[in-house]
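For reference, final.pdb is printed below; it contains PDB, C-alpha atoms, pLDDT in the B column.
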```
ATOM      1  CA  MET A 844      16.975  28.455  14.660  1.00 85.00           C
ATOM      2  CA  PRO A 845      14.160  27.647  12.201  1.00 92.00           C
ATOM      3  CA  LYS A 846      13.615  24.114  10.960  1.00 89.00           C
ATOM      4  CA  MET A 847      14.795  23.093   7.491  1.00 90.00           C
ATOM      5  CA  LYS A 848      11.894  22.622   5.108  1.00 93.00           C
ATOM      6  CA  THR A 849      11.677  19.573   2.857  1.00 95.00           C
ATOM      7  CA  LYS A 850      11.223  20.065  -0.877  1.00 95.00           C
ATOM      8  CA  SER A 851       7.490  19.643  -1.539  1.00 96.00           C
ATOM      9  CA  SER A 852       8.084  18.060  -4.941  1.00 96.00           C
ATOM     10  CA  ALA A 853      10.373  15.383  -3.447  1.00 96.00           C
ATOM     11  CA  LYS A 854       7.976  14.780  -0.568  1.00 95.00           C
ATOM     12  CA  LYS A 855       5.219  13.914  -3.073  1.00 96.00           C
ATOM     13  CA  ARG A 856       7.370  11.672  -5.283  1.00 96.00           C
ATOM     14  CA  PHE A 857       9.469   9.559  -2.895  1.00 97.00           C
ATOM     15  CA  LYS A 858       8.938   7.373   0.165  1.00 97.00           C
ATOM     16  CA  VAL A 859      11.615   5.997   2.483  1.00 96.00           C
ATOM     17  CA  THR A 860      11.491   2.275   3.264  1.00 95.00           C
ATOM     18  CA  GLY A 861      12.180   0.785   6.672  1.00 96.00           C
ATOM     19  CA  SER A 862      15.733  -0.127   5.666  1.00 95.00           C
ATOM     20  CA  GLY A 863      16.420   3.450   4.491  1.00 94.00           C
ATOM     21  CA  LYS A 864      16.139   2.893   0.739  1.00 96.00           C
ATOM     22  CA  ILE A 865      14.063   5.311  -1.341  1.00 97.00           C
ATOM     23  CA  LYS A 866      11.047   4.103  -3.309  1.00 97.00           C
ATOM     24  CA  ARG A 867       9.839   5.779  -6.504  1.00 97.00           C
ATOM     25  CA  LYS A 868       7.194   5.303  -9.164  1.00 97.00           C
ATOM     26  CA  HIS A 869       7.879   4.600 -12.827  1.00 97.00           C
ATOM     27  CA  ALA A 870       7.437   7.336 -15.412  1.00 96.00           C
ATOM     28  CA  PHE A 871       5.402   7.051 -18.661  1.00 96.00           C
ATOM     29  CA  LYS A 872       2.214   5.713 -17.045  1.00 96.00           C
ATOM     30  CA  SER A 873       0.045   8.849 -17.021  1.00 95.00           C
ATOM     31  CA  HIS A 874      -1.208   9.307 -20.598  1.00 96.00           C
ATOM     32  CA  ILE A 875      -0.879   8.042 -24.185  1.00 96.00           C
ATOM     33  CA  LEU A 876      -1.497   4.508 -22.912  1.00 97.00           C
ATOM     34  CA  THR A 877      -3.273   3.090 -25.977  1.00 97.00           C
ATOM     35  CA  LYS A 878      -0.063   2.405 -27.897  1.00 97.00           C
ATOM     36  CA  LYS A 879       1.661   0.741 -24.927  1.00 97.00           C
ATOM     37  CA  SER A 880       1.274  -2.994 -24.446  1.00 98.00           C
ATOM     38  CA  LYS A 881      -0.518  -4.458 -21.442  1.00 98.00           C
ATOM     39  CA  LYS A 882       2.724  -6.095 -20.318  1.00 98.00           C
ATOM     40  CA  ARG A 883       4.581  -2.774 -20.455  1.00 98.00           C
ATOM     41  CA  LYS A 884       1.862  -0.902 -18.537  1.00 97.00           C
ATOM     42  CA  LEU A 885       1.751  -3.614 -15.870  1.00 98.00           C
ATOM     43  CA  ALA A 886       5.524  -3.416 -15.436  1.00 97.00           C
ATOM     44  CA  LEU A 887       5.303   0.382 -15.030  1.00 97.00           C
ATOM     45  CA  THR A 888       2.662  -0.026 -12.302  1.00 97.00           C
ATOM     46  CA  HIS A 889       5.095  -1.557  -9.813  1.00 97.00           C
ATOM     47  CA  SER A 890       7.278   0.745  -7.735  1.00 97.00           C
ATOM     48  CA  ALA A 891      11.073   0.732  -8.013  1.00 97.00           C
ATOM     49  CA  LEU A 892      14.014   1.817  -5.909  1.00 97.00           C
ATOM     50  CA  VAL A 893      16.048   4.936  -6.595  1.00 97.00           C
ATOM     51  CA  HIS A 894      19.550   4.265  -7.939  1.00 96.00           C
ATOM     52  CA  LYS A 895      22.303   4.685  -5.359  1.00 95.00           C
ATOM     53  CA  THR A 896      23.935   7.527  -7.332  1.00 97.00           C
ATOM     54  CA  ASP A 897      20.746   9.603  -6.948  1.00 96.00           C
ATOM     55  CA  GLU A 898      20.024   8.662  -3.334  1.00 96.00           C
ATOM     56  CA  ARG A 899      22.207  11.373  -1.779  1.00 95.00           C
ATOM     57  CA  SER A 900      20.541  14.283  -3.600  1.00 96.00           C
ATOM     58  CA  ILE A 901      17.048  12.971  -2.836  1.00 96.00           C
ATOM     59  CA  LYS A 902      17.906  12.484   0.832  1.00 95.00           C
ATOM     60  CA  GLU A 903      19.122  16.091   0.910  1.00 95.00           C
ATOM     61  CA  GLN A 904      15.824  17.238  -0.614  1.00 96.00           C
ATOM     62  CA  LEU A 905      13.881  15.199   1.942  1.00 94.00           C
ATOM     63  CA  ARG A 906      16.231  16.496   4.707  1.00 94.00           C
ATOM     64  CA  ILE A 907      17.007  12.960   5.876  1.00 88.00           C
ATOM     65  CA  MET A 908      20.789  13.414   5.954  1.00 77.00           C
TER      66      MET A 908
END
```
Encoding of this model in C-alpha coordinates:
Amino acid sequence: MPKMKTKSSAKKRFKVTGSGKIKRKHAFKSHILTKKSKKRKLALTHSALVHKTDERSIKEQLRIM
(Lines of atoms letter the chains of each structure in order from A and count residues from 1; the text may use other names and numbers.)
(Lines give C-alpha, C1' and ligand atoms only; values in the text may rest on other atoms or scores of the structure.)
Protein backbone atom coordinates (compact mmCIF):
# COMPACT_ATOMS: atom_id res chain seq x y z
CA MET A 1 0.00 0.00 0.00
CA PRO A 2 1.50 3.39 -0.95
CA LYS A 3 1.96 6.11 1.64
CA MET A 4 -0.48 9.02 1.84
CA LYS A 5 1.07 12.23 0.58
CA THR A 6 0.72 15.47 2.53
CA LYS A 7 -0.63 18.54 0.76
CA SER A 8 2.42 20.59 -0.25
CA SER A 9 0.61 23.89 0.28
CA ALA A 10 -0.32 22.96 3.87
CA LYS A 11 3.18 21.66 4.56
CA LYS A 12 4.61 25.09 3.66
CA ARG A 13 2.07 27.12 5.65
CA PHE A 14 1.62 25.27 8.96
CA LYS A 15 3.80 23.82 11.72
CA VAL A 16 2.69 21.52 14.53
CA THR A 17 3.73 22.48 18.06
CA GLY A 18 4.88 20.01 20.69
CA SER A 19 1.44 19.98 22.32
CA GLY A 20 -0.24 19.21 18.97
CA LYS A 21 -1.59 22.68 18.19
CA ILE A 22 -1.07 24.14 14.71
CA LYS A 23 0.88 27.35 14.21
CA ARG A 24 0.25 29.75 11.32
CA LYS A 25 1.46 33.10 10.07
CA HIS A 26 -0.69 36.22 9.75
CA ALA A 27 -1.88 37.38 6.35
CA PHE A 28 -1.50 40.94 4.93
CA LYS A 29 2.23 41.27 5.63
CA SER A 30 3.67 40.70 2.14
CA HIS A 31 3.10 43.94 0.20
CA ILE A 32 1.39 47.35 0.31
CA LEU A 33 3.05 48.00 3.67
CA THR A 34 3.45 51.78 3.41
CA LYS A 35 -0.13 52.54 4.43
CA LYS A 36 -0.06 50.15 7.41
CA SER A 37 1.07 51.45 10.77
CA LYS A 38 4.22 50.19 12.46
CA LYS A 39 2.13 48.80 15.31
CA ARG A 40 -0.08 46.86 12.89
CA LYS A 41 2.89 45.43 10.96
CA LEU A 42 4.60 44.38 14.19
CA ALA A 43 1.45 42.60 15.35
CA LEU A 44 1.24 40.74 12.01
CA THR A 45 4.85 39.57 12.40
CA HIS A 46 4.07 37.27 15.33
CA SER A 47 2.72 33.80 14.62
CA ALA A 48 -0.74 32.69 15.75
CA LEU A 49 -2.55 29.44 16.38
CA VAL A 50 -5.12 27.98 14.02
CA HIS A 51 -8.71 28.15 15.30
CA LYS A 52 -10.03 24.85 16.62
CA THR A 53 -12.79 24.72 13.97
CA ASP A 54 -10.13 24.65 11.22
CA GLU A 55 -7.73 22.29 12.98
CA ARG A 56 -9.37 19.07 11.74
CA SER A 57 -9.17 19.96 8.03
CA ILE A 58 -5.55 21.11 8.34
CA LYS A 59 -4.58 17.94 10.20
CA GLU A 60 -6.17 15.93 7.39
CA GLN A 61 -4.13 17.89 4.84
CA LEU A 62 -0.96 17.30 6.85
CA ARG A 63 -1.98 13.61 7.31
CA ILE A 64 -1.60 13.85 11.09
CA MET A 65 -4.96 12.26 11.91
Original post:
Looking at all atoms listed in the file, which of A:Pro845, A:Ala886, A:Lys864, A:Ile875 is the one that sits closest to Ile907 of chain A?
Top reply: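 Once distances to Ile907 of chain A are computed over all atoms listed in the file, the minimum belongs to A:Lys864.
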Subject >> Non-local contacts of Thr888 of chain A (10 Å; all atoms listed in the file; under 6 positions in same chain excluded) as a ChimeraX atom specification >> reply: /A:868-872
**OP:** Point out the residue among A:Val859, A:Lys846, A:Ala853, A:Lys866 with the least atom-to-atom distance to Leu892 of chain A, counting all atoms listed in the file.
**Re:** A:Lys866
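Of note, atom CA of Thr877 of chain A and atom CA of Ser852 of chain A are spaced 28.2 Å apart.
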Subject >> Answer as a list of chain:residue names, residues within 12 Å of (11.7, 8.6, 5.6) using all atoms listed in the file >> reply: A:Thr849, A:Ala853, A:Lys854, A:Phe857, A:Lys858, A:Val859, A:Thr860, A:Gly861, A:Ser862, A:Gly863, A:Lys864, A:Ile865, A:Lys866, A:Ile901, A:Lys902, A:Glu903, A:Gln904, A:Leu905, A:Arg906, A:Ile907, A:Met908
Got time to write the residues from that selection, C-alpha atoms, as a CSV table (one decimal), keeping the file's coordinate frame?
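Generated output (out.csv):
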```csv
chain,number,residue,atom,x,y,z
A,849,THR,CA,11.7,19.6,2.9
A,853,ALA,CA,10.4,15.4,-3.4
A,854,LYS,CA,8.0,14.8,-0.6
A,857,PHE,CA,9.5,9.6,-2.9
A,858,LYS,CA,8.9,7.4,0.2
A,859,VAL,CA,11.6,6.0,2.5
A,860,THR,CA,11.5,2.3,3.3
A,861,GLY,CA,12.2,0.8,6.7
A,862,SER,CA,15.7,-0.1,5.7
A,863,GLY,CA,16.4,3.4,4.5
A,864,LYS,CA,16.1,2.9,0.7
A,865,ILE,CA,14.1,5.3,-1.3
A,866,LYS,CA,11.0,4.1,-3.3
A,901,ILE,CA,17.0,13.0,-2.8
A,902,LYS,CA,17.9,12.5,0.8
A,903,GLU,CA,19.1,16.1,0.9
A,904,GLN,CA,15.8,17.2,-0.6
A,905,LEU,CA,13.9,15.2,1.9
A,906,ARG,CA,16.2,16.5,4.7
A,907,ILE,CA,17.0,13.0,5.9
A,908,MET,CA,20.8,13.4,6.0
```
Subject >> Pairwise distance for atom CA of Arg867 of chain A and atom CA of Lys895 of chain A, rounded to one decimal in Å >> reply: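 Those two atoms sit 12.6 Å apart.
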Subject >> Distance of atom CA of Leu887 of chain A from atom CA of His874 of chain A, expressed in Å to one decimal place >> reply: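 Interatomic distance, atom CA of His874 of chain A to atom CA of Leu887 of chain A: 12.4 Å.
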